[in-house]
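The file work.txt comes next; it holds compact mmCIF, C-alpha atoms.
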```
# COMPACT_ATOMS: atom_id res chain seq x y z
CA ASP A 20 -46.63 29.97 -8.69
CA HIS A 21 -47.48 33.63 -9.41
CA ARG A 22 -46.33 33.23 -12.99
CA ASP A 23 -49.31 31.01 -13.73
CA LEU A 24 -51.97 33.19 -12.08
CA HIS A 25 -52.34 35.44 -15.10
CA SER A 26 -52.02 32.86 -17.85
CA PHE A 27 -54.43 33.05 -20.77
CA PRO A 28 -56.01 30.24 -22.82
CA THR A 29 -54.26 29.35 -26.05
CA ARG A 30 -55.93 30.44 -29.26
CA ARG A 31 -56.40 27.69 -31.82
CA SER A 32 -56.34 29.17 -35.30
CA SER A 33 -57.58 27.46 -38.43
CA ASP A 34 -54.97 28.85 -40.82
CA LEU A 35 -51.52 27.51 -41.62
CA GLU A 36 -50.06 28.93 -38.42
CA GLY A 37 -52.58 27.02 -36.35
CA PHE A 38 -52.07 23.88 -38.44
CA TRP A 39 -48.29 23.70 -38.10
CA ALA A 40 -47.68 25.34 -34.74
CA ARG A 41 -47.72 23.60 -31.40
CA PRO A 42 -50.40 25.15 -29.15
CA GLU A 43 -47.82 26.95 -27.02
CA GLN A 44 -46.34 28.62 -30.11
CA VAL A 45 -49.55 30.50 -30.82
CA ALA A 46 -50.36 33.74 -29.00
CA PRO A 47 -52.95 33.30 -26.26
CA VAL A 48 -56.31 34.98 -26.35
CA GLY A 49 -57.11 37.63 -23.79
CA ASP A 50 -56.73 41.30 -23.02
CA TRP A 51 -52.96 41.26 -22.51
CA ASP A 52 -50.34 43.87 -23.36
CA ILE A 53 -47.30 41.60 -23.42
CA TRP A 54 -47.00 38.00 -24.50
CA ALA A 55 -43.88 36.58 -22.82
CA LEU A 56 -42.75 33.37 -24.50
CA ILE A 57 -40.16 32.05 -22.04
CA ALA A 58 -38.59 28.94 -23.48
CA GLY A 59 -35.40 26.95 -23.90
CA ARG A 60 -32.99 26.89 -26.79
CA GLY A 61 -34.41 25.34 -29.94
CA PHE A 62 -38.00 25.58 -28.71
CA GLY A 63 -39.11 27.55 -31.77
CA LYS A 64 -39.26 31.04 -30.26
CA SER A 65 -38.06 32.78 -33.42
CA ARG A 66 -40.68 31.00 -35.52
CA SER A 67 -43.35 31.99 -33.02
CA GLY A 68 -42.26 35.64 -33.06
CA SER A 69 -42.11 35.77 -36.85
CA GLN A 70 -45.54 34.26 -37.28
CA TRP A 71 -46.94 36.62 -34.64
CA VAL A 72 -45.63 39.64 -36.57
CA ILE A 73 -47.06 38.31 -39.83
CA ARG A 74 -50.43 37.89 -38.14
CA GLN A 75 -50.31 41.43 -36.74
CA VAL A 76 -49.81 42.79 -40.24
CA ALA A 77 -52.73 40.72 -41.49
CA ASN A 78 -54.85 42.05 -38.62
CA GLY A 79 -54.20 45.68 -39.51
CA LYS A 80 -51.09 46.71 -37.56
CA ARG A 81 -49.02 49.16 -39.60
CA HIS A 82 -46.08 50.37 -37.49
CA ILE A 83 -44.11 47.51 -35.99
CA ALA A 84 -40.84 47.52 -34.03
CA LEU A 85 -38.45 44.56 -34.25
CA VAL A 86 -35.88 44.78 -31.46
CA GLY A 87 -33.03 42.30 -31.11
CA ARG A 88 -30.16 42.11 -28.67
CA THR A 89 -27.98 43.73 -31.33
CA ALA A 90 -28.64 45.03 -34.83
CA SER A 91 -27.06 41.95 -36.38
CA ASP A 92 -29.23 39.69 -34.22
CA ALA A 93 -32.35 41.53 -35.36
CA ARG A 94 -31.34 41.21 -39.01
CA ASP A 95 -29.81 37.71 -38.97
CA VAL A 96 -32.36 36.02 -36.68
CA MET A 97 -35.62 37.96 -36.72
CA ILE A 98 -35.67 38.93 -40.39
CA GLU A 99 -33.30 36.84 -42.53
CA GLY A 100 -32.90 33.78 -40.30
CA PRO A 101 -34.24 30.30 -41.16
CA ALA A 102 -37.20 31.02 -38.85
CA GLY A 103 -37.26 34.76 -39.54
CA ILE A 104 -40.04 36.84 -41.01
CA LEU A 105 -38.89 36.49 -44.63
CA ALA A 106 -38.66 32.70 -44.39
CA CYS A 107 -42.04 32.38 -42.69
CA SER A 108 -43.92 34.73 -45.00
CA PRO A 109 -46.01 33.16 -47.78
CA PRO A 110 -44.78 34.00 -51.30
CA TRP A 111 -47.87 36.11 -52.01
CA ASN A 112 -47.33 38.30 -48.95
CA ARG A 113 -43.56 38.45 -48.46
CA PRO A 114 -42.41 41.93 -47.43
CA ILE A 115 -39.68 43.88 -49.19
CA PHE A 116 -36.57 44.13 -47.04
CA GLU A 117 -34.42 47.27 -47.33
CA PRO A 118 -31.36 46.69 -45.10
CA SER A 119 -30.04 50.22 -45.59
CA LYS A 120 -33.27 51.58 -44.11
CA ARG A 121 -33.66 48.78 -41.52
CA ARG A 122 -37.14 48.35 -42.93
CA LEU A 123 -39.62 45.69 -44.01
CA THR A 124 -42.57 46.86 -46.11
CA TRP A 125 -45.68 44.82 -46.91
CA LYS A 126 -48.05 45.24 -49.85
CA ASN A 127 -50.76 46.63 -47.59
CA GLY A 128 -48.48 49.46 -46.45
CA ALA A 129 -47.44 47.98 -43.10
CA VAL A 130 -43.86 48.78 -42.12
CA ALA A 131 -41.58 47.08 -39.60
CA ILE A 132 -38.33 48.76 -38.52
CA TYR A 133 -35.62 46.80 -36.75
CA TYR A 134 -33.69 48.25 -33.83
CA SER A 135 -30.78 47.27 -31.64
CA GLY A 136 -31.23 46.72 -27.94
CA ASP A 137 -27.70 48.13 -27.63
CA LYS A 138 -28.89 51.53 -28.85
CA PRO A 139 -31.74 52.82 -26.68
CA ASP A 140 -31.76 56.21 -28.40
CA GLN A 141 -32.92 54.58 -31.65
CA LEU A 142 -36.24 53.94 -29.92
CA ARG A 143 -36.74 57.51 -28.75
CA GLY A 144 -39.36 59.16 -30.91
CA PRO A 145 -40.77 56.42 -33.17
CA ASN A 146 -44.37 55.35 -32.53
CA HIS A 147 -45.51 51.73 -32.90
CA ASP A 148 -48.70 49.75 -32.63
CA ALA A 149 -46.94 46.40 -32.18
CA ALA A 150 -43.46 45.12 -31.34
CA TRP A 151 -41.44 41.93 -31.19
CA ALA A 152 -38.61 41.93 -28.63
CA ASP A 153 -36.22 39.00 -28.97
CA GLU A 154 -33.92 37.68 -26.21
CA LEU A 155 -34.92 40.46 -23.83
CA ALA A 156 -33.13 38.78 -20.93
CA SER A 157 -29.77 39.40 -22.60
CA TRP A 158 -30.25 43.05 -23.59
CA ARG A 159 -27.41 45.20 -22.33
CA TYR A 160 -29.55 48.24 -21.53
CA THR A 161 -32.92 48.09 -19.81
CA ASP A 162 -33.47 51.62 -21.12
CA SER A 163 -34.10 50.06 -24.52
CA TRP A 164 -37.13 48.27 -23.11
CA ASP A 165 -38.30 51.48 -21.45
CA GLN A 166 -38.01 53.48 -24.67
CA LEU A 167 -39.79 50.74 -26.63
CA SER A 168 -42.63 50.81 -24.09
CA PHE A 169 -42.94 54.61 -24.34
CA GLY A 170 -43.29 54.32 -28.12
CA LEU A 171 -46.17 51.82 -28.05
CA ARG A 172 -48.81 54.54 -28.09
CA ILE A 173 -50.75 54.32 -31.35
CA GLY A 174 -53.56 52.08 -32.53
CA ASP A 175 -56.41 50.51 -30.62
CA HIS A 176 -54.31 48.18 -28.48
CA PRO A 177 -50.52 48.06 -28.91
CA GLN A 178 -49.09 44.68 -27.96
CA VAL A 179 -45.60 43.22 -27.58
CA CYS A 180 -44.35 39.70 -28.18
CA VAL A 181 -41.28 38.90 -26.06
CA THR A 182 -39.34 35.76 -26.97
CA THR A 183 -36.45 34.90 -24.68
CA THR A 184 -34.50 32.28 -22.83
CA PRO A 185 -34.74 33.43 -19.21
CA ARG A 186 -32.15 34.83 -16.87
CA PRO A 187 -32.69 35.89 -13.25
CA VAL A 188 -32.61 39.60 -14.07
CA LYS A 189 -34.96 42.31 -12.84
CA ILE A 190 -36.50 43.08 -16.22
CA ILE A 191 -37.68 39.47 -16.58
CA ARG A 192 -38.92 39.23 -12.99
CA ASP A 193 -40.92 42.44 -13.41
CA LEU A 194 -42.32 41.25 -16.74
CA LEU A 195 -43.55 37.96 -15.30
CA ALA A 196 -45.03 39.63 -12.24
CA SER A 197 -47.17 42.05 -14.26
CA PRO A 198 -50.89 41.21 -14.49
CA ARG A 199 -50.79 42.61 -18.05
CA THR A 200 -48.40 39.87 -19.19
CA ALA A 201 -49.56 36.57 -20.66
CA VAL A 202 -46.87 33.97 -19.99
CA THR A 203 -46.13 30.90 -22.09
CA ARG A 204 -43.39 28.49 -21.05
CA GLY A 205 -41.64 25.71 -22.90
CA SER A 206 -38.50 23.59 -22.97
CA THR A 207 -36.07 22.60 -25.67
CA PHE A 208 -37.48 19.09 -25.63
CA ALA A 209 -40.93 20.28 -26.73
CA ASN A 210 -39.44 20.69 -30.21
CA ALA A 211 -37.30 17.56 -30.16
CA SER A 212 -38.81 16.18 -33.37
CA ASN A 213 -37.39 19.17 -35.30
CA LEU A 214 -33.92 19.16 -33.75
CA ALA A 215 -30.86 17.16 -34.78
CA ARG A 216 -30.58 13.87 -32.88
CA SER A 217 -26.87 14.49 -32.33
CA PHE A 218 -27.64 17.88 -30.77
CA LEU A 219 -30.14 16.40 -28.35
CA ASP A 220 -27.82 13.54 -27.40
CA ALA A 221 -24.95 15.95 -26.77
CA ILE A 222 -26.83 18.50 -24.70
CA VAL A 223 -28.69 15.90 -22.65
CA SER A 224 -25.52 14.06 -21.70
CA ARG A 225 -23.63 17.25 -20.93
CA TYR A 226 -26.14 19.73 -19.53
CA GLN A 227 -29.32 18.02 -18.33
CA GLY A 228 -29.64 18.49 -14.59
CA THR A 229 -27.01 21.22 -14.42
CA ARG A 230 -27.80 24.85 -13.61
CA LEU A 231 -26.95 25.89 -17.16
CA GLY A 232 -29.15 23.14 -18.57
CA ARG A 233 -32.06 24.05 -16.33
CA GLN A 234 -31.82 27.64 -17.57
CA GLU A 235 -31.03 27.14 -21.25
CA LEU A 236 -33.00 23.94 -21.88
CA ASN A 237 -35.85 23.94 -19.37
CA ALA A 238 -36.19 27.75 -19.24
CA GLU A 239 -36.10 27.87 -15.46
CA ILE A 240 -35.34 31.17 -13.75
CA LEU A 241 -32.71 30.26 -11.19
CA GLU A 242 -32.60 32.81 -8.39
CA ASP A 243 -30.13 31.11 -6.05
CA VAL A 244 -26.80 29.36 -6.50
CA GLU A 245 -26.46 25.99 -4.84
CA GLY A 246 -23.89 26.09 -2.06
CA ALA A 247 -23.89 29.89 -1.80
CA LEU A 248 -23.55 31.41 1.67
CA TRP A 249 -26.54 33.72 1.03
CA ASN A 250 -29.71 33.24 -0.96
CA HIS A 251 -31.11 35.86 -3.33
CA ALA A 252 -33.37 37.46 -0.72
```
Here is the file; what I need is its structure written in the form of C-alpha cells.
Amino acid sequence: DHRDLHSFPTRRSSDLEGFWARPEQVAPVGDWDIWALIAGRGFGKSRSGSQWVIRQVANGKRHIALVGRTASDARDVMIEGPAGILACSPPWNRPIFEPSKRRLTWKNGAVAIYYSGDKPDQLRGPNHDAAWADELASWRYTDSWDQLSFGLRIGDHPQVCVTTTPRPVKIIRDLLASPRTAVTRGSTFANASNLARSFLDAIVSRYQGTRLGRQELNAEILEDVEGALWNHA
C-alpha cells in the first residue's frame, strides 16, 4: 500500500499531551511537510489538531492559519468546540479569542487566524509558518488548499496538520501520494472508551460493513462502487 511507504515513527512526548493521547494522536517525528490524520468520526481528530497547534506555539511558531470547511466550522469546532484550542489549552497559557478579528493571541505573541475553506481569497496574501486544515476532504474549493500552501512561506520549516474523514477526491489522493506527507490512520473504534455506548451500538448495528460505515467509521477511501458497470480507472 503506497500510503504506508512514507509513514513516520510516532513521537512519544513526556508532557500532558503524550500522557493522555493515544500514540496515533501525536504528530510523528520526521522531516515531513504535511501530517495527514485520516480517521473516522469520533476518533479524536479535533483534539489532535488542537494539541498540535498548542505545541507549535510552544515551539516558537508565531503565524498560524486555522482553516475549516466553513467559518462557523472553524470557530465552533477548531476554536470553541469541546475539543477545540480553547478547551485544550492549559489555564496558564490560554489564548485570547477575538471573534470580530478571527484571531487567537497567546501571551508569547503568537497569533492564529481562522479562515473559511469556502473563501479562497481570504488566504491570498497572509503568510504563515504553520497551519491546521480541518475536514479537507469536504472543502468546496480546492483553491483554498492551494492558496494556503502558497502562504506557508515563513519560518524555518512551515508544516500543516490535516485532520479529515476521507473521501475519494483528488485532493486527498494527491495528499496521500506525496512523499512529503506523513500519514496516520485510525477508526472510530480506536476511541470507543470515550464515546457514548448508545452511539456505538447504534452506528455498529446500522452502518458497520456498509460503504458509508467503511468511509465514516473505518476511514477507508472507497474508489469504486460495488455493482457499478465501470470501475474508477
The residue from A:Val86, A:Cys180, A:Ala149, A:Ile132 with the smallest atom-to-atom distance to Ser163 in chain A, counting only C-alpha atoms, is A:Val86
Using all atoms listed in the file, which protein or nucleic acid residues come within 8 Å of range 210-213 of chain A? Drop anything in the same chain fewer than 4 positions from it, and give the result as a PDB file with C-alpha atoms, in the coordinates of the input.
```pdb
ATOM      1  CA  GLY A  61     -34.410  25.340 -29.940  1.00  0.00           C
ATOM      2  CA  PHE A  62     -38.000  25.580 -28.710  1.00  0.00           C
ATOM      3  CA  GLY A  63     -39.110  27.550 -31.770  1.00  0.00           C
ATOM      4  CA  SER A 206     -38.500  23.590 -22.970  1.00  0.00           C
ATOM      5  CA  LEU A 219     -30.140  16.400 -28.350  1.00  0.00           C
TER       6      LEU A 219
END
```
Between A:Ala46, A:Asn112, A:Arg60, A:Asp95, smallest distance to Ile222 in chain A by only C-alpha atoms belongs to A:Arg60
CA of Gln70 in chain A and CA of Ser217 in chain A are how many Å apart?
27.6 Å
Using all atoms listed in the file, which residue out of A:Asp52, A:Lys64, A:Gly100, A:Asn78 lies closest to Gly205 in chain A?
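Of A:Asp52, A:Lys64, A:Gly100, A:Asn78, the one nearest Gly205 in chain A is A:Lys64, counting all atoms listed in the file.
Going from CA of Arg143 in chain A to CA of Pro187 in chain A covers 26.9 Å.
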What's around Gln75 in chain A at 10 Å? Count all atoms listed in the file, leave out sequence neighbours fewer than 4 positions away in its own chain, and write the answer as JSON, numbers by chain.
{"A": [69, 70, 71, 79, 80, 81, 82, 83, 129, 148, 149, 150, 178]}
